[in-house]
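Comments concern the structure below.
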Amino acid sequence: MEEVNFSALIDLVHDVYEDPSLIEEKQESLAPMLDRLIASAPEGFEGMAAMINTHISNALKFKSPNVQKFELESGLIKLNTYCRKLGV
């Protein structure tokens, strides 16, 4: 199983958060990273990884920049907390 590059994932989500117009362009990079996040979640962290995936995936579905920013911000907060809890 491939490792998740948390700093690259955080940077990518942050870039899209700062400029939601990049969301479609960055979708191809985000999707596999989110898949790896779910696949590599340690026992007890599966739900948190799924929530992060849901928020960021929801941002890809909506067209409203306000909704996209909300979903991305929620995903970033949870992703940062996840990384802190894992010590990465």
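Here's how to read the names in the structure tokens: chain A, B, ... by the order shown, residue numbers from 1 in each chain, ligand numbers from 1 in the order shown.
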Practice prompt. Please identify all polymer residues within 9 Å of Tyr17 (chain A), counting only C-alpha atoms, omitting same-chain residues fewer than 4 positions from it, and present them as a ChimeraX atom specification.
Written response: /A:12-13,22-23,68-73,76
Can I get the residues of region 5-56 of chain A within 9 Å of region 78-84 of chain A, each with the closest pair of atoms and their distance in Å to one decimal, using only C-alpha atoms, sorted chain first then ascending number, as CSV?
```
residue,atom,partner,partner_atom,distance
A:Phe6,CA,A:Cys83,CA,7.4
A:Leu9,CA,A:Leu79,CA,9.0
A:Ile10,CA,A:Leu79,CA,7.4
A:Phe45,CA,A:Tyr82,CA,8.1
A:Met48,CA,A:Tyr82,CA,7.2
A:Ala49,CA,A:Tyr82,CA,7.7
A:Met51,CA,A:Lys78,CA,7.9
A:Ile52,CA,A:Lys78,CA,6.1
```
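Near Glu24 (chain A), within 12 Å and counting only C-alpha atoms, sit Val16, Asp19, Pro20, Ser21, Leu22, Lys26, Gln27, Glu28, Ser29, Leu30, Ala31, Ser57, Ala59, Leu60, Lys61, Phe62, Lys63 and Gln68 of chain A; same-chain residues fewer than 2 positions away were not included.
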Using the selection just defined, write its residues with C-alpha atoms as a PDB file, in the first residue's frame.
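Produced file selection33.pdb, reproduced below:
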```pdb
ATOM      1  CA  VAL A  16      -7.951  24.693  -3.835  1.00  0.00           C
ATOM      2  CA  ASP A  19      -8.771  29.421  -5.196  1.00  0.00           C
ATOM      3  CA  PRO A  20     -11.869  27.231  -5.727  1.00  0.00           C
ATOM      4  CA  SER A  21     -11.585  27.745  -9.490  1.00  0.00           C
ATOM      5  CA  LEU A  22      -8.693  25.217  -9.360  1.00  0.00           C
ATOM      6  CA  LYS A  26      -6.721  19.488  -9.127  1.00  0.00           C
ATOM      7  CA  GLN A  27      -9.415  16.797  -8.912  1.00  0.00           C
ATOM      8  CA  GLU A  28      -7.233  14.207 -10.685  1.00  0.00           C
ATOM      9  CA  SER A  29      -4.521  14.677  -8.067  1.00  0.00           C
ATOM     10  CA  LEU A  30      -6.874  14.793  -5.091  1.00  0.00           C
ATOM     11  CA  ALA A  31      -8.887  11.634  -5.804  1.00  0.00           C
ATOM     12  CA  SER A  57     -15.280  15.039  -2.155  1.00  0.00           C
ATOM     13  CA  ALA A  59     -16.411  20.247  -2.433  1.00  0.00           C
ATOM     14  CA  LEU A  60     -15.781  18.638  -5.822  1.00  0.00           C
ATOM     15  CA  LYS A  61     -19.526  18.085  -6.339  1.00  0.00           C
ATOM     16  CA  PHE A  62     -20.796  21.608  -5.635  1.00  0.00           C
ATOM     17  CA  LYS A  63     -20.497  24.562  -7.994  1.00  0.00           C
ATOM     18  CA  GLN A  68     -16.818  24.540  -1.826  1.00  0.00           C
TER      19      GLN A  68
END
```
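Rounded to one decimal, CA of Ile56 (chain A) and CA of Gly75 (chain A) lie 5.6 Å from each other.
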Fill in: Å distance separating CA of Glu25 (chain A) from CA of Ser74 (chain A), one decimal place
20.5 Å
List every residue of chain A that DSSP, applied to the backbone, labels as alpha helix (DSSP H), and write the result as a PDB file with N, CA and C atoms, in the first residue's frame.
```pdb
ATOM      1  N   PHE A   6       1.065  13.412   3.529  1.00  0.00           N
ATOM      2  CA  PHE A   6       0.131  14.328   4.186  1.00  0.00           C
ATOM      3  C   PHE A   6       0.415  15.781   3.857  1.00  0.00           C
ATOM      4  N   SER A   7       1.681  16.163   3.799  1.00  0.00           N
ATOM      5  CA  SER A   7       1.981  17.571   3.512  1.00  0.00           C
ATOM      6  C   SER A   7       1.531  17.936   2.100  1.00  0.00           C
ATOM      7  N   ALA A   8       1.701  17.031   1.145  1.00  0.00           N
ATOM      8  CA  ALA A   8       1.252  17.301  -0.228  1.00  0.00           C
ATOM      9  C   ALA A   8      -0.274  17.387  -0.286  1.00  0.00           C
ATOM     10  N   LEU A   9      -0.960  16.508   0.455  1.00  0.00           N
ATOM     11  CA  LEU A   9      -2.426  16.536   0.478  1.00  0.00           C
ATOM     12  C   LEU A   9      -2.927  17.832   1.110  1.00  0.00           C
ATOM     13  N   ILE A  10      -2.338  18.208   2.227  1.00  0.00           N
ATOM     14  CA  ILE A  10      -2.735  19.452   2.898  1.00  0.00           C
ATOM     15  C   ILE A  10      -2.476  20.645   1.981  1.00  0.00           C
ATOM     16  N   ASP A  11      -1.312  20.683   1.343  1.00  0.00           N
ATOM     17  CA  ASP A  11      -0.989  21.798   0.442  1.00  0.00           C
ATOM     18  C   ASP A  11      -1.965  21.874  -0.727  1.00  0.00           C
ATOM     19  N   LEU A  12      -2.299  20.734  -1.281  1.00  0.00           N
ATOM     20  CA  LEU A  12      -3.214  20.688  -2.423  1.00  0.00           C
ATOM     21  C   LEU A  12      -4.609  21.165  -2.027  1.00  0.00           C
ATOM     22  N   VAL A  13      -5.113  20.670  -0.901  1.00  0.00           N
ATOM     23  CA  VAL A  13      -6.438  21.092  -0.438  1.00  0.00           C
ATOM     24  C   VAL A  13      -6.415  22.579  -0.098  1.00  0.00           C
ATOM     25  N   HIS A  14      -5.340  23.041   0.509  1.00  0.00           N
ATOM     26  CA  HIS A  14      -5.237  24.469   0.846  1.00  0.00           C
ATOM     27  C   HIS A  14      -5.217  25.334  -0.414  1.00  0.00           C
ATOM     28  N   ASP A  15      -4.490  24.905  -1.441  1.00  0.00           N
ATOM     29  CA  ASP A  15      -4.457  25.654  -2.702  1.00  0.00           C
ATOM     30  C   ASP A  15      -5.853  25.777  -3.304  1.00  0.00           C
ATOM     31  N   VAL A  16      -6.591  24.677  -3.285  1.00  0.00           N
ATOM     32  CA  VAL A  16      -7.951  24.693  -3.835  1.00  0.00           C
ATOM     33  C   VAL A  16      -8.863  25.538  -2.957  1.00  0.00           C
ATOM     34  N   TYR A  17      -8.648  25.490  -1.642  1.00  0.00           N
ATOM     35  CA  TYR A  17      -9.433  26.325  -0.722  1.00  0.00           C
ATOM     36  C   TYR A  17      -9.204  27.802  -1.027  1.00  0.00           C
ATOM     37  N   GLU A  18      -7.959  28.172  -1.254  1.00  0.00           N
ATOM     38  CA  GLU A  18      -7.626  29.567  -1.551  1.00  0.00           C
ATOM     39  C   GLU A  18      -8.186  30.009  -2.903  1.00  0.00           C
ATOM     40  N   ILE A  23     -10.451  23.733  -8.566  1.00  0.00           N
ATOM     41  CA  ILE A  23     -10.968  22.453  -8.085  1.00  0.00           C
ATOM     42  C   ILE A  23     -11.019  21.381  -9.170  1.00  0.00           C
ATOM     43  N   GLU A  24     -11.467  21.737 -10.355  1.00  0.00           N
ATOM     44  CA  GLU A  24     -11.557  20.737 -11.423  1.00  0.00           C
ATOM     45  C   GLU A  24     -10.170  20.329 -11.907  1.00  0.00           C
ATOM     46  N   GLU A  25      -9.278  21.279 -11.979  1.00  0.00           N
ATOM     47  CA  GLU A  25      -7.911  21.007 -12.421  1.00  0.00           C
ATOM     48  C   GLU A  25      -7.182  20.079 -11.442  1.00  0.00           C
ATOM     49  N   LYS A  26      -7.429  20.250 -10.162  1.00  0.00           N
ATOM     50  CA  LYS A  26      -6.721  19.488  -9.127  1.00  0.00           C
ATOM     51  C   LYS A  26      -7.432  18.186  -8.749  1.00  0.00           C
ATOM     52  N   GLN A  27      -8.626  17.972  -9.273  1.00  0.00           N
ATOM     53  CA  GLN A  27      -9.415  16.797  -8.912  1.00  0.00           C
ATOM     54  C   GLN A  27      -8.671  15.484  -9.197  1.00  0.00           C
ATOM     55  N   GLU A  28      -7.966  15.426 -10.318  1.00  0.00           N
ATOM     56  CA  GLU A  28      -7.233  14.207 -10.685  1.00  0.00           C
ATOM     57  C   GLU A  28      -6.127  13.887  -9.684  1.00  0.00           C
ATOM     58  N   SER A  29      -5.561  14.901  -9.079  1.00  0.00           N
ATOM     59  CA  SER A  29      -4.521  14.677  -8.067  1.00  0.00           C
ATOM     60  C   SER A  29      -5.128  14.348  -6.709  1.00  0.00           C
ATOM     61  N   LEU A  30      -6.242  14.992  -6.396  1.00  0.00           N
ATOM     62  CA  LEU A  30      -6.874  14.793  -5.091  1.00  0.00           C
ATOM     63  C   LEU A  30      -7.466  13.398  -4.914  1.00  0.00           C
ATOM     64  N   ALA A  31      -8.158  12.905  -5.930  1.00  0.00           N
ATOM     65  CA  ALA A  31      -8.887  11.634  -5.804  1.00  0.00           C
ATOM     66  C   ALA A  31      -7.999  10.472  -5.355  1.00  0.00           C
ATOM     67  N   PRO A  32      -6.846  10.234  -6.000  1.00  0.00           N
ATOM     68  CA  PRO A  32      -6.016   9.110  -5.541  1.00  0.00           C
ATOM     69  C   PRO A  32      -5.432   9.329  -4.145  1.00  0.00           C
ATOM     70  N   MET A  33      -5.149  10.582  -3.808  1.00  0.00           N
ATOM     71  CA  MET A  33      -4.617  10.862  -2.468  1.00  0.00           C
ATOM     72  C   MET A  33      -5.667  10.547  -1.403  1.00  0.00           C
ATOM     73  N   LEU A  34      -6.911  10.890  -1.696  1.00  0.00           N
ATOM     74  CA  LEU A  34      -7.985  10.598  -0.748  1.00  0.00           C
ATOM     75  C   LEU A  34      -8.226   9.095  -0.645  1.00  0.00           C
ATOM     76  N   ASP A  35      -8.118   8.398  -1.763  1.00  0.00           N
ATOM     77  CA  ASP A  35      -8.249   6.937  -1.738  1.00  0.00           C
ATOM     78  C   ASP A  35      -7.168   6.312  -0.864  1.00  0.00           C
ATOM     79  N   ARG A  36      -5.937   6.808  -0.988  1.00  0.00           N
ATOM     80  CA  ARG A  36      -4.836   6.291  -0.163  1.00  0.00           C
ATOM     81  C   ARG A  36      -5.047   6.625   1.307  1.00  0.00           C
ATOM     82  N   LEU A  37      -5.603   7.802   1.574  1.00  0.00           N
ATOM     83  CA  LEU A  37      -5.891   8.205   2.951  1.00  0.00           C
ATOM     84  C   LEU A  37      -6.840   7.198   3.595  1.00  0.00           C
ATOM     85  N   ILE A  38      -7.897   6.849   2.888  1.00  0.00           N
ATOM     86  CA  ILE A  38      -8.883   5.888   3.413  1.00  0.00           C
ATOM     87  C   ILE A  38      -8.243   4.509   3.566  1.00  0.00           C
ATOM     88  N   ALA A  39      -7.510   4.062   2.557  1.00  0.00           N
ATOM     89  CA  ALA A  39      -6.924   2.718   2.565  1.00  0.00           C
ATOM     90  C   ALA A  39      -5.864   2.552   3.649  1.00  0.00           C
ATOM     91  N   GLU A  46     -10.533   5.093  10.967  1.00  0.00           N
ATOM     92  CA  GLU A  46     -11.229   4.919   9.694  1.00  0.00           C
ATOM     93  C   GLU A  46     -12.351   5.943   9.512  1.00  0.00           C
ATOM     94  N   GLY A  47     -13.094   6.202  10.582  1.00  0.00           N
ATOM     95  CA  GLY A  47     -14.205   7.158  10.507  1.00  0.00           C
ATOM     96  C   GLY A  47     -13.731   8.574  10.234  1.00  0.00           C
ATOM     97  N   MET A  48     -12.648   8.954  10.858  1.00  0.00           N
ATOM     98  CA  MET A  48     -12.105  10.297  10.647  1.00  0.00           C
ATOM     99  C   MET A  48     -11.601  10.451   9.212  1.00  0.00           C
ATOM    100  N   ALA A  49     -10.927   9.417   8.704  1.00  0.00           N
ATOM    101  CA  ALA A  49     -10.447   9.453   7.318  1.00  0.00           C
ATOM    102  C   ALA A  49     -11.636   9.536   6.354  1.00  0.00           C
ATOM    103  N   ALA A  50     -12.701   8.806   6.665  1.00  0.00           N
ATOM    104  CA  ALA A  50     -13.902   8.847   5.815  1.00  0.00           C
ATOM    105  C   ALA A  50     -14.541  10.229   5.843  1.00  0.00           C
ATOM    106  N   MET A  51     -14.559  10.876   7.011  1.00  0.00           N
ATOM    107  CA  MET A  51     -15.128  12.226   7.107  1.00  0.00           C
ATOM    108  C   MET A  51     -14.320  13.231   6.291  1.00  0.00           C
ATOM    109  N   ILE A  52     -13.010  13.127   6.363  1.00  0.00           N
ATOM    110  CA  ILE A  52     -12.131  14.009   5.581  1.00  0.00           C
ATOM    111  C   ILE A  52     -12.432  13.817   4.096  1.00  0.00           C
ATOM    112  N   ASN A  53     -12.502  12.565   3.684  1.00  0.00           N
ATOM    113  CA  ASN A  53     -12.801  12.239   2.289  1.00  0.00           C
ATOM    114  C   ASN A  53     -14.156  12.810   1.875  1.00  0.00           C
ATOM    115  N   THR A  54     -15.145  12.666   2.734  1.00  0.00           N
ATOM    116  CA  THR A  54     -16.495  13.154   2.417  1.00  0.00           C
ATOM    117  C   THR A  54     -16.504  14.671   2.218  1.00  0.00           C
ATOM    118  N   HIS A  55     -15.879  15.396   3.135  1.00  0.00           N
ATOM    119  CA  HIS A  55     -15.866  16.866   3.011  1.00  0.00           C
ATOM    120  C   HIS A  55     -15.178  17.303   1.721  1.00  0.00           C
ATOM    121  N   ILE A  56     -14.017  16.759   1.457  1.00  0.00           N
ATOM    122  CA  ILE A  56     -13.259  17.192   0.274  1.00  0.00           C
ATOM    123  C   ILE A  56     -13.967  16.734  -1.001  1.00  0.00           C
ATOM    124  N   SER A  57     -14.530  15.528  -0.991  1.00  0.00           N
ATOM    125  CA  SER A  57     -15.280  15.039  -2.155  1.00  0.00           C
ATOM    126  C   SER A  57     -16.529  15.869  -2.400  1.00  0.00           C
ATOM    127  N   ASN A  58     -17.186  16.294  -1.314  1.00  0.00           N
ATOM    128  CA  ASN A  58     -18.367  17.151  -1.461  1.00  0.00           C
ATOM    129  C   ASN A  58     -18.001  18.473  -2.132  1.00  0.00           C
ATOM    130  N   ALA A  59     -16.839  18.994  -1.813  1.00  0.00           N
ATOM    131  CA  ALA A  59     -16.411  20.247  -2.433  1.00  0.00           C
ATOM    132  C   ALA A  59     -16.298  20.084  -3.942  1.00  0.00           C
ATOM    133  N   LEU A  60     -15.921  18.888  -4.391  1.00  0.00           N
ATOM    134  CA  LEU A  60     -15.781  18.638  -5.822  1.00  0.00           C
ATOM    135  C   LEU A  60     -17.142  18.575  -6.515  1.00  0.00           C
ATOM    136  N   LYS A  61     -18.194  18.260  -5.764  1.00  0.00           N
ATOM    137  CA  LYS A  61     -19.526  18.085  -6.339  1.00  0.00           C
ATOM    138  C   LYS A  61     -20.285  19.398  -6.506  1.00  0.00           C
ATOM    139  N   PRO A  65     -18.874  28.511  -4.984  1.00  0.00           N
ATOM    140  CA  PRO A  65     -17.581  28.691  -4.308  1.00  0.00           C
ATOM    141  C   PRO A  65     -17.715  28.759  -2.786  1.00  0.00           C
ATOM    142  N   ASN A  66     -18.826  29.314  -2.293  1.00  0.00           N
ATOM    143  CA  ASN A  66     -19.020  29.395  -0.840  1.00  0.00           C
ATOM    144  C   ASN A  66     -19.162  28.003  -0.230  1.00  0.00           C
ATOM    145  N   VAL A  67     -19.934  27.148  -0.866  1.00  0.00           N
ATOM    146  CA  VAL A  67     -20.109  25.784  -0.375  1.00  0.00           C
ATOM    147  C   VAL A  67     -18.795  25.011  -0.517  1.00  0.00           C
ATOM    148  N   GLN A  68     -18.102  25.202  -1.632  1.00  0.00           N
ATOM    149  CA  GLN A  68     -16.818  24.540  -1.826  1.00  0.00           C
ATOM    150  C   GLN A  68     -15.838  24.935  -0.726  1.00  0.00           C
ATOM    151  N   LYS A  69     -15.759  26.222  -0.428  1.00  0.00           N
ATOM    152  CA  LYS A  69     -14.835  26.700   0.598  1.00  0.00           C
ATOM    153  C   LYS A  69     -15.201  26.125   1.966  1.00  0.00           C
ATOM    154  N   PHE A  70     -16.507  26.055   2.259  1.00  0.00           N
ATOM    155  CA  PHE A  70     -16.947  25.491   3.529  1.00  0.00           C
ATOM    156  C   PHE A  70     -16.514  24.031   3.650  1.00  0.00           C
ATOM    157  N   GLU A  71     -16.774  23.257   2.609  1.00  0.00           N
ATOM    158  CA  GLU A  71     -16.414  21.830   2.633  1.00  0.00           C
ATOM    159  C   GLU A  71     -14.897  21.651   2.707  1.00  0.00           C
ATOM    160  N   LEU A  72     -14.157  22.442   1.959  1.00  0.00           N
ATOM    161  CA  LEU A  72     -12.694  22.340   1.976  1.00  0.00           C
ATOM    162  C   LEU A  72     -12.126  22.748   3.331  1.00  0.00           C
ATOM    163  N   GLU A  73     -12.680  23.805   3.906  1.00  0.00           N
ATOM    164  CA  GLU A  73     -12.214  24.238   5.225  1.00  0.00           C
ATOM    165  C   GLU A  73     -12.498  23.165   6.273  1.00  0.00           C
ATOM    166  N   SER A  74     -13.684  22.573   6.219  1.00  0.00           N
ATOM    167  CA  SER A  74     -14.024  21.494   7.149  1.00  0.00           C
ATOM    168  C   SER A  74     -13.072  20.309   6.971  1.00  0.00           C
ATOM    169  N   GLY A  75     -12.793  19.963   5.725  1.00  0.00           N
ATOM    170  CA  GLY A  75     -11.861  18.877   5.452  1.00  0.00           C
ATOM    171  C   GLY A  75     -10.454  19.182   5.933  1.00  0.00           C
ATOM    172  N   LEU A  76     -10.009  20.426   5.734  1.00  0.00           N
ATOM    173  CA  LEU A  76      -8.665  20.824   6.178  1.00  0.00           C
ATOM    174  C   LEU A  76      -8.535  20.767   7.697  1.00  0.00           C
ATOM    175  N   ILE A  77      -9.542  21.244   8.392  1.00  0.00           N
ATOM    176  CA  ILE A  77      -9.511  21.216   9.861  1.00  0.00           C
ATOM    177  C   ILE A  77      -9.391  19.772  10.347  1.00  0.00           C
ATOM    178  N   LYS A  78     -10.214  18.905   9.778  1.00  0.00           N
ATOM    179  CA  LYS A  78     -10.187  17.491  10.187  1.00  0.00           C
ATOM    180  C   LYS A  78      -8.870  16.823   9.769  1.00  0.00           C
ATOM    181  N   LEU A  79      -8.363  17.167   8.598  1.00  0.00           N
ATOM    182  CA  LEU A  79      -7.108  16.589   8.121  1.00  0.00           C
ATOM    183  C   LEU A  79      -5.950  17.008   9.027  1.00  0.00           C
ATOM    184  N   ASN A  80      -5.907  18.258   9.409  1.00  0.00           N
ATOM    185  CA  ASN A  80      -4.851  18.726  10.314  1.00  0.00           C
ATOM    186  C   ASN A  80      -4.946  18.032  11.671  1.00  0.00           C
ATOM    187  N   THR A  81      -6.166  17.863  12.179  1.00  0.00           N
ATOM    188  CA  THR A  81      -6.370  17.162  13.448  1.00  0.00           C
ATOM    189  C   THR A  81      -5.935  15.703  13.319  1.00  0.00           C
ATOM    190  N   TYR A  82      -6.295  15.079  12.220  1.00  0.00           N
ATOM    191  CA  TYR A  82      -5.925  13.684  11.937  1.00  0.00           C
ATOM    192  C   TYR A  82      -4.406  13.537  11.954  1.00  0.00           C
ATOM    193  N   CYS A  83      -3.718  14.427  11.282  1.00  0.00           N
ATOM    194  CA  CYS A  83      -2.251  14.382  11.225  1.00  0.00           C
ATOM    195  C   CYS A  83      -1.645  14.568  12.608  1.00  0.00           C
ATOM    196  N   ARG A  84      -2.205  15.487  13.373  1.00  0.00           N
ATOM    197  CA  ARG A  84      -1.701  15.718  14.730  1.00  0.00           C
ATOM    198  C   ARG A  84      -1.870  14.466  15.595  1.00  0.00           C
ATOM    199  N   LYS A  85      -3.048  13.832  15.487  1.00  0.00           N
ATOM    200  CA  LYS A  85      -3.307  12.632  16.288  1.00  0.00           C
ATOM    201  C   LYS A  85      -2.400  11.472  15.882  1.00  0.00           C
ATOM    202  N   LEU A  86      -2.058  11.404  14.600  1.00  0.00           N
ATOM    203  CA  LEU A  86      -1.152  10.356  14.141  1.00  0.00           C
ATOM    204  C   LEU A  86       0.316  10.704  14.373  1.00  0.00           C
TER     205      LEU A  86
END
```
